[in-house]
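Q: Dumping the structure here so I can ask a few things about it.
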Amino acid sequence: MKCQVCRGPAVIDVRRHNANFCAEHFCKLVRDQTAKAIEEHEMLAPGDRVLVAVSGGKDSLALWDLLDELGYEADGLYLGLGIGGYSDRSGAAVRAFATRRGLTLHEVDLRADHGYDVPTAAAVTRRSPCSACGLSKRHLFDRAALEGGYDAVATGHNLDDEAAVLFGNTLRWQTEYLARQHPVLPARPGFPRKVKPLVRLGEREMAAYCVLRGIDYIVEECPMAEGNKHLGYKEALNEIEARSPGSKQAFYAGFLARAVDRFADAAPDHAEGGETASCDRCGVPTTSGTCAFCRLVERAAGAQPVALTRKGRPIDA
Ligand code: AMP
Ligand code: FES
Ligand code: ZN
Ligand code: ZN
């Protein structure tokens, strides 16, 4: 196996590109693909200040490394979700990376700063942990970016993530979601720009990038997200990809190039900034009264903290 660029010994094959690469040229490929996604979707302008949401997993730590390498002023934001030892280990991985690289990390802790954690919020709302978690993340990422004067929030969603979500939305023809599935959401009053610069790179590439760059990430997935609802879609797409390399990229990139605009009519009004009121607690644009985040805080912050459970059974994290 020889590197397609320098003919030196290769360390990885990328079937989608039908090519092998040495460590140096593989890392260059990952950097180039990130830069290409940023440029093609006009995610960031040179010199933009970016707030990178970092979970301690491979994608977001690699993204932070890449944006820094590409010359953006990229600071990190870690959100402590209060999911037992899993959150402790995630936070430690993020802090260690920031210290080693001399990067600025902001931290928000649900329990310390807002009086609740994800397990307790899930219990009091009787909704899935992921829904309380997703709501908290969206609101607090937005707030941190606006308060810190950042131009955009970047997340580590990769091609596998986006193709799996697209597959799920297409299977059920969820046109409202299809209309909004774009790797960049422009800023609008009260909300920062949101970008996903890793949409041209797969899971395997991100893991390899971390190993080759010496980035220590946590491998474990969130213990509350029981298998992750997109896992089945990912497996199905992986099988298709194995038979026909490049399918995933074609599916997702083709959707962006030729289909997403056709669903524009299905976008909900609030996606276009149709919020007509401001939250009476925190001031964010909302449809009426108190925003969903403040309502969650109101219910969860007064509740007795609960132990971690999955499908009603206690679990160890
Ligand atoms: P997930 O929603 O867990 O699939 O994560 C998607 C993206 O959200 C990650 O790539 C990160 O950019 C960001 N993210 C997830 N969890 C956290 C966290 N606890 N703190 C900061 N960012 C996070
Ligand atoms: Fe959100 Fe697990 S990371 S519920
Ligand atoms: Zn090479
Ligand atoms: Zn609010």
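Naming scheme: A, B, ... for chains in displayed order of the structure tokens; residues 1 onward per chain; ligands 1 onward as shown.
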With a cut-off of 6 Å, could you pull out the residues of chain A touching ligand 2 and give me the nearest pair of atoms for each, distance in Å to one decimal, using only C-alpha atoms and all ligand atoms, ordered by chain and ascending number, as a Markdown table?

A:
```
| residue | atom | partner | partner_atom_place_in_ligand_line | distance |
| --- | --- | --- | --- | --- |
| A:Pro129 | CA | ligand 2 | 4 (S) | 4.6 |
| A:Cys130 | CA | ligand 2 | 4 (S) | 3.8 |
| A:Cys133 | CA | ligand 2 | 1 (Fe) | 4.5 |
| A:Cys222 | CA | ligand 2 | 2 (Fe) | 4.4 |
| A:Met224 | CA | ligand 2 | 2 (Fe) | 5.0 |
| A:Ala225 | CA | ligand 2 | 2 (Fe) | 4.8 |
```

Q: I want to know what sits within 8 Å of stretch 14-19 of chain A, based on only C-alpha atoms, with residues of the same chain fewer than 3 positions away left out; could you give that as number ranges by chain?

A: A: 3-4, 245-246

Q: I need the residues from that last selection saved to file as a compact mmCIF listing (two decimals), in the first residue's frame (with N, CA, C and O atoms), if you can.

A:
```
# COMPACT_ATOMS: atom_id res chain seq x y z
N CYS A 3 1.21 5.60 -0.47
CA CYS A 3 0.48 6.86 -0.41
C CYS A 3 0.29 7.39 -1.83
O CYS A 3 1.23 7.46 -2.60
N GLN A 4 -0.92 7.78 -2.11
CA GLN A 4 -1.25 8.27 -3.45
C GLN A 4 -0.51 9.56 -3.79
O GLN A 4 -0.28 9.86 -4.94
N PRO A 245 -18.96 2.06 -2.61
CA PRO A 245 -18.28 3.18 -1.94
C PRO A 245 -18.63 4.52 -2.58
O PRO A 245 -18.71 4.62 -3.80
N GLY A 246 -18.89 5.50 -1.74
CA GLY A 246 -19.24 6.83 -2.24
C GLY A 246 -20.74 7.11 -2.18
O GLY A 246 -21.17 8.24 -2.38
```

Q: Pull the strand (DSSP E or B) assignments for stretch 49-227 of chain A out of DSSP run on the backbone, and list those residues as a ChimeraX atom specification.

A: /A:49-53,73-80,105-109,152-154,158,184-185,188,191,193-195,198

Q: Looking at A:Leu81, A:Arg89, A:Asp117, A:His41, which one is nearest to A:Arg299, with distances taken over only C-alpha atoms?

A: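 Of all the options, A:Asp117 lies closest to A:Arg299.
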
Q: Please determine, counting only C-alpha atoms and all ligand atoms, which residue among A:Phe21, A:Trp64, A:Phe191, A:Tyr78 has the shortest atom-to-atom distance to ligand 3.

A: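 Going through A:Phe21, A:Trp64, A:Phe191, A:Tyr78 one by one, the smallest distance to ligand 3 is for A:Phe21.
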
Q: Using DSSP on the backbone coordinates, identify the residues of stretch 42-120 of chain A assigned to alpha helix (DSSP H); present them as a PyMOL selection string.

A: chain A and resi 58-69+84-101+110-114+118-120

Q: Hey, which residues sit close to ligand 1? Say within 7 Å, counting only C-alpha atoms and all ligand atoms, and write them as a tab-separated table (two decimals) with all heavy atoms, in the first residue's frame.

A:
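This went into out.tsv:
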```
chain	number	residue	atom	x	y	z
A	52	VAL	N	-16.44	26.44	19.30
A	52	VAL	CA	-16.57	25.02	18.94
A	52	VAL	C	-17.19	24.28	20.13
A	52	VAL	O	-16.63	24.31	21.24
A	52	VAL	CB	-15.19	24.40	18.63
A	52	VAL	CG1	-15.35	22.99	18.07
A	52	VAL	CG2	-14.41	25.27	17.67
A	53	ALA	N	-18.32	23.64	19.90
A	53	ALA	CA	-18.95	22.85	20.97
A	53	ALA	C	-18.22	21.52	21.05
A	53	ALA	O	-18.26	20.73	20.11
A	53	ALA	CB	-20.44	22.64	20.65
A	54	VAL	N	-17.52	21.29	22.16
A	54	VAL	CA	-16.70	20.08	22.27
A	54	VAL	C	-17.23	19.15	23.36
A	54	VAL	O	-17.39	19.54	24.51
A	54	VAL	CB	-15.21	20.39	22.54
A	54	VAL	CG1	-14.45	20.58	21.25
A	54	VAL	CG2	-15.02	21.60	23.42
A	55	SER	N	-17.47	17.91	22.97
A	55	SER	CA	-18.06	16.93	23.88
A	55	SER	C	-17.02	16.02	24.50
A	55	SER	O	-17.33	15.27	25.42
A	55	SER	CB	-19.06	16.07	23.10
A	55	SER	OG	-18.37	15.31	22.12
A	59	ASP	N	-15.08	13.54	17.09
A	59	ASP	CA	-15.44	14.52	16.05
A	59	ASP	C	-15.20	15.95	16.52
A	59	ASP	O	-14.57	16.74	15.82
A	59	ASP	CB	-16.91	14.34	15.65
A	59	ASP	CG	-17.19	12.93	15.17
A	59	ASP	OD1	-16.52	12.48	14.23
A	59	ASP	OD2	-18.06	12.26	15.77
A	60	SER	N	-15.71	16.26	17.70
A	60	SER	CA	-15.61	17.67	18.10
A	60	SER	C	-14.18	18.05	18.51
A	60	SER	O	-13.77	19.19	18.26
A	60	SER	CB	-16.62	18.00	19.20
A	60	SER	OG	-16.58	17.09	20.26
A	77	LEU	N	-16.28	25.19	23.87
A	77	LEU	CA	-17.34	25.27	24.88
A	77	LEU	C	-17.71	23.85	25.27
A	77	LEU	O	-18.09	23.03	24.42
A	77	LEU	CB	-18.58	25.96	24.29
A	77	LEU	CG	-19.84	25.90	25.18
A	77	LEU	CD1	-19.63	26.69	26.47
A	77	LEU	CD2	-21.06	26.44	24.44
A	78	TYR	N	-17.56	23.56	26.56
A	78	TYR	CA	-17.98	22.24	27.05
A	78	TYR	C	-19.17	22.43	27.98
A	78	TYR	O	-19.16	23.28	28.85
A	78	TYR	CB	-16.83	21.54	27.80
A	78	TYR	CG	-17.30	20.28	28.49
A	78	TYR	CD1	-17.64	19.15	27.74
A	78	TYR	CD2	-17.47	20.23	29.87
A	78	TYR	CE1	-18.12	18.01	28.36
A	78	TYR	CE2	-17.94	19.08	30.50
A	78	TYR	CZ	-18.26	17.98	29.73
A	78	TYR	OH	-18.75	16.85	30.34
A	79	LEU	N	-20.18	21.61	27.77
A	79	LEU	CA	-21.38	21.68	28.58
A	79	LEU	C	-21.45	20.43	29.47
A	79	LEU	O	-21.52	19.30	28.95
A	79	LEU	CB	-22.59	21.74	27.63
A	79	LEU	CG	-23.98	21.87	28.21
A	79	LEU	CD1	-24.09	23.13	29.06
A	79	LEU	CD2	-25.01	21.94	27.08
A	80	GLY	N	-21.37	20.64	30.79
A	80	GLY	CA	-21.45	19.52	31.73
A	80	GLY	C	-22.92	19.13	31.90
A	80	GLY	O	-23.72	19.90	32.40
A	81	LEU	N	-23.25	17.93	31.43
A	81	LEU	CA	-24.65	17.51	31.40
A	81	LEU	C	-25.07	16.79	32.68
A	81	LEU	O	-26.25	16.51	32.87
A	81	LEU	CB	-24.87	16.58	30.18
A	81	LEU	CG	-24.54	17.20	28.82
A	81	LEU	CD1	-24.47	16.12	27.74
A	81	LEU	CD2	-25.58	18.26	28.45
A	134	GLY	N	-30.86	17.80	24.27
A	134	GLY	CA	-30.79	18.56	23.02
A	134	GLY	C	-31.29	19.99	23.22
A	134	GLY	O	-30.67	20.95	22.73
A	154	ALA	N	-19.75	26.03	16.02
A	154	ALA	CA	-19.44	24.87	15.17
A	154	ALA	C	-19.64	23.59	15.97
A	154	ALA	O	-19.23	23.51	17.13
A	154	ALA	CB	-18.00	24.96	14.68
A	155	THR	N	-20.27	22.61	15.35
A	155	THR	CA	-20.42	21.29	16.00
A	155	THR	C	-19.77	20.21	15.14
A	155	THR	O	-19.52	20.40	13.95
A	155	THR	CB	-21.91	20.94	16.22
A	155	THR	OG1	-22.60	21.09	14.98
A	155	THR	CG2	-22.55	21.82	17.27
A	156	GLY	N	-19.52	19.06	15.78
A	156	GLY	CA	-18.75	17.99	15.14
A	156	GLY	C	-19.55	16.99	14.33
A	156	GLY	O	-19.05	15.90	14.06
A	157	HIS	N	-20.77	17.33	13.94
A	157	HIS	CA	-21.55	16.37	13.13
A	157	HIS	C	-20.78	16.03	11.86
A	157	HIS	O	-20.36	16.92	11.12
A	157	HIS	CB	-22.91	16.98	12.77
A	157	HIS	CG	-23.77	17.27	13.96
A	157	HIS	ND1	-23.78	18.49	14.59
A	157	HIS	CD2	-24.63	16.49	14.63
A	157	HIS	CE1	-24.62	18.44	15.62
A	157	HIS	NE2	-25.15	17.24	15.67
```

Q: Grab me every residue within 6 Å of ligand 3, counting only C-alpha atoms and all ligand atoms, and send it over as JSON, numbers by chain.

A: {"A": [3, 5, 6, 8, 21, 22, 24, 25]}

Q: Quick one: residues within 6 Å of ligand 4, with only C-alpha atoms and all ligand atoms, as a PyMOL selection string?

A: chain A and resi 279+281-284+290-291+293-294
